[in-house]
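Student: File protein14.cif follows (mmCIF, C-alpha atoms (C1' of nucleotides)):
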data_final
#
loop_
_atom_site.label_atom_id
_atom_site.label_comp_id
_atom_site.auth_asym_id
_atom_site.auth_seq_id
_atom_site.Cartn_x
_atom_site.Cartn_y
_atom_site.Cartn_z
CA MET A 1 87.69 -29.21 -99.75
CA PRO A 2 88.69 -32.46 -98.09
CA THR A 3 87.36 -35.65 -99.49
CA LEU A 4 86.86 -39.18 -98.37
CA SER A 5 90.53 -39.84 -98.66
CA ASP A 6 91.18 -37.53 -95.76
CA GLU A 7 88.93 -39.61 -93.53
CA ILE A 8 90.54 -42.85 -94.55
CA ARG A 9 94.01 -41.34 -94.25
CA VAL A 10 93.28 -40.36 -90.66
CA LEU A 11 92.34 -43.96 -89.88
CA PHE A 12 95.49 -45.21 -91.57
CA GLU A 13 97.68 -42.81 -89.64
CA ALA A 14 96.05 -43.67 -86.34
CA LEU A 15 96.66 -47.36 -87.00
CA ILE A 16 100.25 -46.97 -88.14
CA ALA A 17 100.95 -44.79 -85.10
CA ALA A 18 99.48 -47.45 -82.83
CA TYR A 19 101.03 -50.55 -84.34
CA GLY A 20 103.80 -49.55 -86.72
CA PRO A 21 104.54 -51.44 -89.94
CA ARG A 22 103.24 -55.00 -89.83
CA GLY A 23 105.45 -56.67 -92.42
CA TRP A 24 102.94 -58.60 -94.46
CA TRP A 25 102.47 -61.07 -96.05
CA PRO A 26 103.90 -63.49 -93.44
CA LEU A 27 106.12 -66.13 -95.04
CA ILE A 28 106.60 -69.15 -92.84
CA SER A 29 109.19 -70.56 -95.23
CA LYS A 30 111.37 -67.54 -94.42
CA SER A 31 110.64 -67.35 -90.72
CA GLY A 32 113.78 -66.69 -88.73
CA LYS A 33 115.81 -65.75 -91.83
CA ASP A 34 116.70 -62.49 -93.61
CA GLY A 35 114.89 -60.24 -91.17
CA PHE A 36 111.75 -62.34 -90.97
CA ASP A 37 110.67 -63.07 -87.42
CA ALA A 38 109.68 -66.46 -86.04
CA ASP A 39 106.16 -66.09 -87.37
CA GLY A 40 107.29 -65.10 -90.84
CA TYR A 41 106.62 -61.37 -90.57
CA HIS A 42 109.12 -58.83 -91.81
CA PRO A 43 108.42 -55.40 -90.28
CA GLY A 44 108.97 -52.72 -92.86
CA LEU A 45 108.56 -55.05 -95.80
CA ASN A 46 105.21 -54.91 -97.51
CA CYS A 47 103.94 -56.23 -100.77
CA GLN A 48 107.32 -56.83 -102.29
CA PRO A 49 106.47 -59.87 -104.32
CA ASP A 50 109.16 -62.38 -104.96
CA THR A 51 108.65 -65.11 -107.52
CA GLY A 52 109.49 -67.79 -105.03
CA ASP A 53 107.03 -66.50 -102.47
CA ARG A 54 103.95 -66.06 -104.61
CA PHE A 55 102.82 -69.62 -104.37
CA GLU A 56 103.10 -69.70 -100.61
CA ILE A 57 101.14 -66.46 -100.40
CA ALA A 58 98.43 -67.92 -102.62
CA CYS A 59 98.27 -71.11 -100.55
CA GLY A 60 98.05 -69.09 -97.36
CA ALA A 61 95.28 -66.95 -98.79
CA VAL A 62 93.26 -70.08 -99.51
CA LEU A 63 93.99 -71.79 -96.22
CA THR A 64 93.03 -68.79 -94.12
CA GLN A 65 89.56 -68.54 -95.64
CA ASN A 66 87.15 -68.32 -92.71
CA THR A 67 89.96 -69.74 -90.60
CA ALA A 68 92.24 -68.34 -87.92
CA TRP A 69 95.73 -67.72 -89.31
CA ARG A 70 97.16 -69.91 -86.56
CA ASN A 71 95.43 -72.90 -88.08
CA ALA A 72 96.15 -71.95 -91.69
CA GLU A 73 99.80 -71.66 -90.70
CA ARG A 74 99.85 -75.23 -89.44
CA GLY A 75 98.81 -76.43 -92.84
CA LEU A 76 101.42 -74.28 -94.52
CA ARG A 77 104.18 -75.56 -92.27
CA ARG A 78 103.27 -79.17 -92.98
CA LEU A 79 103.28 -78.53 -96.71
CA HIS A 80 106.62 -76.78 -96.41
CA GLU A 81 108.13 -79.56 -94.30
CA LEU A 82 107.31 -82.08 -97.02
CA GLY A 83 108.73 -79.86 -99.74
CA LEU A 84 105.33 -79.25 -101.25
CA MET A 85 105.40 -75.46 -101.09
CA ARG A 86 106.34 -75.30 -104.73
CA PRO A 87 103.89 -75.50 -107.65
CA GLU A 88 105.78 -78.29 -109.40
CA ALA A 89 105.76 -80.40 -106.24
CA LEU A 90 102.22 -79.77 -105.08
CA ALA A 91 100.83 -80.28 -108.57
CA ASN A 92 102.05 -83.86 -108.38
CA ALA A 93 100.54 -84.58 -104.98
CA ASP A 94 97.09 -86.15 -104.81
CA THR A 95 94.31 -84.20 -103.19
CA VAL A 96 93.73 -86.78 -100.45
CA THR A 97 97.32 -86.37 -99.30
CA ILE A 98 97.02 -82.59 -99.44
CA ALA A 99 93.75 -82.68 -97.54
CA ASP A 100 95.35 -84.67 -94.75
CA LEU A 101 98.24 -82.21 -94.50
CA ILE A 102 96.09 -79.10 -94.38
CA ARG A 103 93.45 -80.63 -92.10
CA PRO A 104 94.16 -78.15 -89.25
CA ALA A 105 93.09 -75.30 -91.55
CA GLY A 106 89.57 -76.67 -91.87
CA PHE A 107 87.46 -77.20 -95.00
CA CYS A 108 90.31 -79.44 -96.02
CA ASN A 109 88.51 -81.27 -98.82
CA GLN A 110 87.53 -78.11 -100.67
CA LYS A 111 90.81 -76.36 -99.96
CA SER A 112 92.90 -79.30 -101.12
CA GLU A 113 91.14 -79.23 -104.48
CA CYS A 114 91.74 -75.51 -104.71
CA LEU A 115 95.43 -75.83 -103.82
CA SER A 116 95.85 -78.51 -106.44
CA VAL A 117 94.33 -76.29 -109.12
CA LEU A 118 96.43 -73.37 -107.92
CA ALA A 119 99.59 -75.46 -108.12
CA ARG A 120 98.93 -76.35 -111.75
CA PHE A 121 98.09 -72.74 -112.52
CA PHE A 122 101.28 -71.40 -110.96
CA ARG A 123 103.32 -74.13 -112.60
CA GLY A 124 102.16 -72.93 -115.98
CA LEU A 125 102.41 -69.23 -115.24
CA PRO A 126 105.08 -67.60 -117.41
CA PRO A 127 107.82 -65.72 -115.54
CA GLY A 128 106.85 -62.09 -115.09
CA ALA A 129 103.20 -62.71 -115.87
CA VAL A 130 100.51 -61.25 -113.62
CA PRO A 131 97.36 -63.33 -113.33
CA ASP A 132 94.12 -61.87 -114.55
CA ARG A 133 91.67 -61.29 -111.69
CA ASP A 134 88.82 -62.93 -113.57
CA THR A 135 91.00 -65.94 -114.27
CA LEU A 136 91.64 -66.32 -110.56
CA LEU A 137 87.94 -65.86 -109.81
CA SER A 138 87.07 -68.61 -112.27
CA MET A 139 88.91 -71.16 -110.14
CA LYS A 140 86.74 -73.04 -107.70
CA GLY A 141 87.56 -71.93 -104.18
CA ILE A 142 88.96 -68.55 -105.15
CA GLY A 143 86.62 -65.64 -104.50
CA PRO A 144 87.16 -61.89 -104.48
CA GLU A 145 89.15 -61.67 -101.26
CA THR A 146 91.46 -64.55 -102.05
CA ALA A 147 92.04 -63.23 -105.58
CA ASP A 148 92.84 -59.76 -104.26
CA SER A 149 95.19 -61.15 -101.61
CA ILE A 150 97.10 -63.07 -104.25
CA LEU A 151 97.25 -60.09 -106.60
CA LEU A 152 98.25 -57.58 -103.93
CA PHE A 153 100.74 -59.49 -101.82
CA GLY A 154 101.94 -61.93 -104.43
CA PHE A 155 102.15 -59.70 -107.47
CA GLY A 156 102.11 -56.14 -106.20
CA VAL A 157 98.82 -55.20 -107.84
CA PRO A 158 97.38 -52.20 -105.98
CA VAL A 159 93.99 -53.32 -104.66
CA PHE A 160 92.24 -52.91 -101.34
CA ILE A 161 91.22 -56.10 -99.58
CA ALA A 162 87.73 -55.47 -98.23
CA ASP A 163 87.73 -58.45 -95.91
CA ALA A 164 85.54 -59.11 -92.89
CA TYR A 165 87.69 -56.96 -90.60
CA ALA A 166 87.67 -54.01 -92.98
CA ARG A 167 83.93 -54.13 -93.50
CA ARG A 168 83.26 -54.57 -89.81
CA THR A 169 85.65 -51.77 -88.81
CA PHE A 170 84.42 -49.31 -91.41
CA GLY A 171 80.86 -50.28 -90.63
CA ARG A 172 81.20 -49.65 -86.92
CA ILE A 173 82.96 -46.36 -87.50
CA GLY A 174 80.16 -45.35 -89.80
CA LEU A 175 82.04 -44.96 -93.06
CA ILE A 176 79.87 -47.59 -94.73
CA ALA A 177 76.59 -49.33 -93.98
CA ALA A 178 76.83 -52.36 -91.75
CA ASP A 179 75.73 -54.73 -94.52
CA THR A 180 78.04 -53.41 -97.23
CA GLY A 181 79.38 -56.21 -99.39
CA TYR A 182 82.93 -56.93 -100.49
CA LYS A 183 82.78 -55.24 -103.86
CA GLU A 184 81.20 -52.03 -102.65
CA CYS A 185 83.59 -51.66 -99.73
CA ARG A 186 86.52 -52.31 -102.07
CA THR A 187 85.37 -49.68 -104.56
CA PHE A 188 84.54 -47.22 -101.82
CA THR A 189 87.96 -47.47 -100.26
CA MET A 190 89.96 -47.48 -103.48
CA ASP A 191 88.09 -44.43 -104.74
CA GLY A 192 89.21 -42.66 -101.59
CA MET A 193 92.79 -43.88 -101.47
CA ARG A 194 94.38 -44.45 -104.86
CA VAL A 195 97.72 -45.48 -103.39
CA ASP A 196 100.41 -47.99 -104.25
CA ALA A 197 100.42 -51.69 -103.41
CA GLY A 198 102.68 -51.24 -100.41
CA THR A 199 100.25 -48.83 -98.81
CA TYR A 200 97.22 -50.99 -99.55
CA GLY A 201 99.06 -53.92 -98.05
CA GLU A 202 100.05 -52.00 -94.96
CA PHE A 203 96.50 -50.73 -94.52
CA HIS A 204 95.06 -54.21 -94.78
CA ALA A 205 97.60 -55.61 -92.33
CA LEU A 206 96.86 -52.82 -89.87
CA ILE A 207 93.12 -53.33 -90.15
CA VAL A 208 93.56 -57.04 -89.44
CA GLU A 209 95.84 -56.30 -86.50
CA ASN A 210 93.32 -53.91 -85.02
CA GLY A 211 90.54 -56.30 -85.90
CA LYS A 212 92.16 -59.09 -83.95
CA ARG A 213 92.89 -56.93 -80.95
CA HIS A 214 89.84 -54.68 -80.82
CA CYS A 215 87.34 -54.80 -83.66
CA ARG A 216 86.46 -58.43 -83.08
CA SER A 217 83.05 -59.90 -83.59
CA LYS A 218 82.50 -59.01 -79.97
CA PRO A 219 84.16 -55.58 -79.86
CA VAL A 220 86.93 -54.84 -77.35
CA CYS A 221 86.89 -51.06 -77.53
CA ASP A 222 89.11 -50.46 -74.50
CA ARG A 223 92.24 -48.69 -75.76
CA CYS A 224 91.26 -49.08 -79.41
CA PRO A 225 93.23 -46.48 -81.39
CA LEU A 226 90.18 -45.78 -83.55
CA ILE A 227 87.93 -44.71 -80.68
CA PRO A 228 88.23 -40.98 -81.56
CA PHE A 229 86.68 -41.71 -84.94
CA CYS A 230 84.22 -44.39 -84.01
CA GLY A 231 80.66 -44.53 -82.75
CA PHE A 232 78.38 -44.79 -85.77
CA SER A 233 80.19 -41.87 -87.37
CA ARG A 234 79.09 -39.19 -84.95
CA ARG A 235 82.37 -38.73 -83.18
CA PHE A 236 84.12 -39.15 -86.48
CA ARG A 237 82.24 -36.25 -88.00
CA PHE A 238 82.75 -34.29 -84.82
CA PHE A 239 86.47 -34.85 -85.09
CA PHE A 240 86.54 -33.41 -88.57
CA ALA A 241 84.24 -30.58 -87.62
CA ASN A 242 86.64 -29.58 -84.87
CA ARG A 243 89.45 -29.50 -87.36
CA GLY A 244 87.39 -27.32 -89.64
CA ILE A 245 87.01 -30.11 -92.12
CA SER A 246 83.73 -31.15 -93.63
CA SER A 247 82.89 -34.80 -93.84
CA ARG A 248 80.87 -34.39 -96.98
CA GLY A 249 81.96 -36.23 -100.01
CA ARG A 250 81.40 -39.69 -98.70
CA ARG A 251 79.23 -42.34 -100.32
"C1'" DC B 252 79.02 -76.25 -74.43
"C1'" DG B 253 78.50 -72.33 -78.19
"C1'" DC B 254 80.72 -68.93 -80.83
"C1'" DC B 255 84.25 -67.41 -83.72
"C1'" DA B 256 88.03 -67.38 -87.32
"C1'" DG B 257 91.73 -62.58 -92.77
"C1'" DG B 258 85.36 -67.17 -97.49
"C1'" DC B 259 83.34 -69.58 -101.01
"C1'" DA B 260 79.91 -71.98 -103.85
"C1'" DA B 261 75.55 -73.95 -104.64
"C1'" DC B 262 71.03 -73.36 -104.33
"C1'" DA B 263 66.50 -71.04 -103.51
"C1'" DC B 264 63.64 -67.27 -104.53
"C1'" DG C 265 70.04 -59.67 -107.94
"C1'" DT C 266 69.61 -61.07 -102.62
"C1'" DG C 267 69.32 -64.63 -98.84
"C1'" DT C 268 70.59 -69.12 -96.83
"C1'" DT C 269 73.31 -73.18 -95.98
"C1'" DG C 270 77.17 -76.57 -95.88
"C1'" DC C 271 81.83 -76.88 -95.65
"C1'" DA C 272 86.03 -78.76 -91.03
"C1'" DT C 273 89.00 -77.59 -87.58
"C1'" DG C 274 90.97 -75.55 -83.31
"C1'" DG C 275 90.90 -71.90 -79.60
"C1'" DC C 276 88.57 -69.86 -76.00
#
As a first step, turn the structure in this file into structure tokens.

Tutor:
Amino acid sequence: MPTLSDEIRVLFEALIAAYGPRGWWPLISKSGKDGFDADGYHPGLNCQPDTGDRFEIACGAVLTQNTAWRNAERGLRRLHELGLMRPEALANADTVTIADLIRPAGFCNQKSECLSVLARFFRGLPPGAVPDRDTLLSMKGIGPETADSILLFGFGVPVFIADAYARRTFGRIGLIAADTGYKECRTFTMDGMRVDAGTYGEFHALIVENGKRHCRSKPVCDRCPLIPFCGFSRRFRFFFANRGISSRGRR
DNA sequence: CGCCAGGCAACAC
DNA sequence: GTGTTGCATGGC
């Protein structure tokens, strides 16, 4: 008897077939070096946390909150150019200076405070330690998605990032209700997957890729690789029915 | 011009 | 607990 995981696995396979490995998390400080492309992506490399990269990943996770990655990246590059992409350095910078540097990423006053707190946190983090999720959530400016992004891509903790693209995509397909919140979507997906960090990272990256190309706020369904499964779940169920697989077991 | 982008927190009820 | 609003900037 197939379960939810079969449905999610089909989506994952359709996405990986369409786009291939994405190579997240992008590291602009490594762009152009060691197999990283100009934008900092490294196809085939997912969720392989390196101590020196964790802080940049955390900063990027904050800067991209409700912001296009293009603009978050500008902030990251400016921090990197001034040698501030290290906890010890950024912890000593004042928030006004940081705010000015990350201005292109938007919400610069709130995000500069958050980056400053993050810098001090990472500076004091013992080598090999993995942050507690609740500790991350207790920091102003770090919510569930940012915490999960840091844990997954920075520390290899296997969690699913139920971001706006994931909720929108799953909602349109019909896997979850349209108004499902972060926590419920996260639980729903992890209950059905139970995979390692690399796979969760790849899935998230693929969902974002498809979200940017097709499952936008205003959907661009033409040539979307998920069309066979989409349409308020009807075609999705039909697909499984044709394969002799029941779609029961969801929820 | 208006809407959107890989959220979050503070506040109202 | 849920619903609403401000937060800033750049691309289209």

Student: Using the chain letters and numbering of this document, enumerate as a list in words the residues selected by the PyMOL selection byres ((chain A) within 9 of (chain B)).

Tutor: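 Against this file, the PyMOL selection byres ((chain A) within 9 of (chain B)) returns the residues Ala61, Val62, Thr64, Gln65, Asn66, Thr67, Ala68, Trp69, Lys140, Gly141, Ile142, Gly143, Pro144, Glu145, Thr146, Asp163, Ala164, Tyr165, Val208 and Ser217 of chain A.
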
Student: In file coordinates, which residues lie within 12 Å of (105.5, -69.9, -103.8) using only C-alpha atoms (C1' of nucleotides), given as a count of residues only?

Tutor: 39

Student: Pull out every residue of chain C that has at least one atom within 9 Å of chain A, counting only C-alpha atoms (C1' of nucleotides), and report them as a list in words.

Tutor: DC271, DA272, DT273 and DG274 of chain C

Student: So how many Å separate CA of Thr199 (chain A) and CA of Phe170 (chain A), to one decimal?

Tutor: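 Taking CA of Thr199 (chain A) as the start and CA of Phe170 (chain A) as the end point, the length is 17.5 Å.
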
Student: Translate the PyMOL selection byres ((chain A and resi 25) around 9), as applied to the file shown, into an explicit residue set as an MDAnalysis selection string.

Tutor: chainID A and resid 22:24 26:27 40:42 45:48 57 153:154 201 205

Student: Report the distance between C1' of DG267 (chain C) and CA of Gly181 (chain A) in Å, rounded to one decimal place.

Tutor: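 A separation of 13.1 Å between them.
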
Student: At what distance in Å, to one decimal, does CA of Arg78 (chain A) lie from CA of Asp100 (chain A)?

Tutor: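 Distance reported for this atom pair: 9.8 Å.
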
Student: Show which residues sit within 9 Å of Ile16 (chain A), as a list in words. Count all atoms listed in the file, and ignore same-chain residues fewer than 6 positions away.

Tutor: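 The residues satisfying every condition are Arg22, Glu202, Phe203 and Leu206 of chain A.
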
Student: Taking every listed atom of chain B and adding 4 Å to each side, what centre and edge lengths in Å (one decimal) does the axis-aligned box have, as AutoDock Vina command-line options?

Tutor:
--center_x 77.7 --center_y -69.4 --center_z -89.5 --size_x 36.1 --size_y 21.7 --size_z 38.2

Student: Step by step: locate chain C in the block above, keep C-alpha atoms (C1' of nucleotides), then write the file as a PDB file, in the first residue's frame.

Tutor:
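In the end it all went to decode.pdb:
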ATOM      1  C1'  DG C 265      -4.979  30.476  18.773  1.00  0.00           C
ATOM      2  C1'  DT C 266      -5.961  33.362  14.174  1.00  0.00           C
ATOM      3  C1'  DG C 267      -5.820  37.779  11.441  1.00  0.00           C
ATOM      4  C1'  DT C 268      -3.591  42.165  10.134  1.00  0.00           C
ATOM      5  C1'  DT C 269       0.066  45.434   9.449  1.00  0.00           C
ATOM      6  C1'  DG C 270       4.707  47.590   9.019  1.00  0.00           C
ATOM      7  C1'  DC C 271       9.088  46.724   7.604  1.00  0.00           C
ATOM      8  C1'  DA C 272      12.683  48.642   2.524  1.00  0.00           C
ATOM      9  C1'  DT C 273      14.385  47.756  -1.761  1.00  0.00           C
ATOM     10  C1'  DG C 274      14.720  46.540  -6.734  1.00  0.00           C
ATOM     11  C1'  DG C 275      12.770  44.224 -10.963  1.00  0.00           C
ATOM     12  C1'  DC C 276       9.248  43.952 -14.144  1.00  0.00           C
TER      13       DC C 276
END
